[in-house]
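**Q** Supplied in structure tokens, the structure appears directly below.
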Amino acid sequence: MTDPAKVRRHAERVKELVASVVRTQVKDPRLGMITITDARITADLREATVFYTVLGDATAQSGTAAALESAKGLLRSTVGKALGLRHSPSLAFVHDDVTEHVKHIDDLLATARSADAEVQRRAAGAHYAGEAQPYKLEDEDDLGADSADDELVVGQDRR
């Protein structure tokens, strides 16, 4: 079984290597403005998944995906040599749709803000259904009289 810390280190190294090679050695014109966001590698170090984002529209995304697939051999050999493993991990590229997730979360936050504002608006004119203090409190006068009686009783028991 492989150490999880070692797997994480290898995954981080794969991410750095792929980003470096894409920036310096891949000269495909279809390659758009790409950012390597994450890399994950299996525990047996045989398969690596590289996540990326592309700035642009759907045609830029599809062109970048095709460029990465055509450069997969170069990327795999570079990663294999740099990691020094017995077997070079096979690479799979997955488009990371972070922007869609961010937009969805922003929409959810906006909905929550509007719901909170509605609750605040309704609470501003609200009144208690009953008294302001629903719990019965003992009067201080009653407490003083009870304690004096208790002292008297205690004093009588000592005789």
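Each chain in the structure tokens gets a letter, A, B and so on, in the order shown; residues start at 1 in every chain, and ligands are counted from 1 in the order they appear.
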Select from stretch 80-110 of chain A everything DSSP, run on the backbone, classes as strand (DSSP E or B), then give the selection as a PyMOL selection string.
**A** chain A and resi 90-95
**Q** Restricting it to N, CA, C and O atoms, dump the selection as a CSV table (one decimal), in the first residue's frame.
**A**
chain,number,residue,atom,x,y,z
A,90,SER,N,-0.5,7.1,-16.6
A,90,SER,CA,-1.3,7.5,-17.8
A,90,SER,C,-2.1,8.8,-17.3
A,90,SER,O,-2.5,8.9,-16.2
A,91,LEU,N,-2.2,9.7,-18.3
A,91,LEU,CA,-2.8,11.0,-18.0
A,91,LEU,C,-4.2,11.1,-18.6
A,91,LEU,O,-4.4,10.7,-19.7
A,92,ALA,N,-5.1,11.6,-17.8
A,92,ALA,CA,-6.5,11.9,-18.3
A,92,ALA,C,-6.7,13.4,-18.0
A,92,ALA,O,-6.5,13.9,-16.8
A,93,PHE,N,-7.2,14.1,-18.9
A,93,PHE,CA,-7.5,15.6,-18.7
A,93,PHE,C,-9.0,15.8,-18.6
A,93,PHE,O,-9.8,15.3,-19.4
A,94,VAL,N,-9.4,16.5,-17.6
A,94,VAL,CA,-10.8,16.8,-17.3
A,94,VAL,C,-10.9,18.3,-17.2
A,94,VAL,O,-10.2,19.0,-16.4
A,95,HIS,N,-11.9,18.8,-17.9
A,95,HIS,CA,-12.2,20.3,-17.8
A,95,HIS,C,-12.8,20.5,-16.5
A,95,HIS,O,-13.8,19.9,-16.1
**Q** Skipping near chain neighbours, those fewer than 5 positions away, what residues fall within 7 Å of A:Tyr52 using only C-alpha atoms, listed as a PyMOL selection string?
**A** chain A and resi 34-37+94-96
**Q** Please, which residues of chain A, numbered as in this document, come out alpha helix (DSSP H) from DSSP, as a ChimeraX atom specification?
**A** /A:4-24,58-70,72-83,98-124,140-157
**Q** Got a sec: who's within 12 Å of A:Lys27, counting only C-alpha atoms, leaving out chain neighbours fewer than 2 positions off, as a PyMOL selection string?
**A** chain A and resi 21-25+29-32+64+67-68+70-71+74
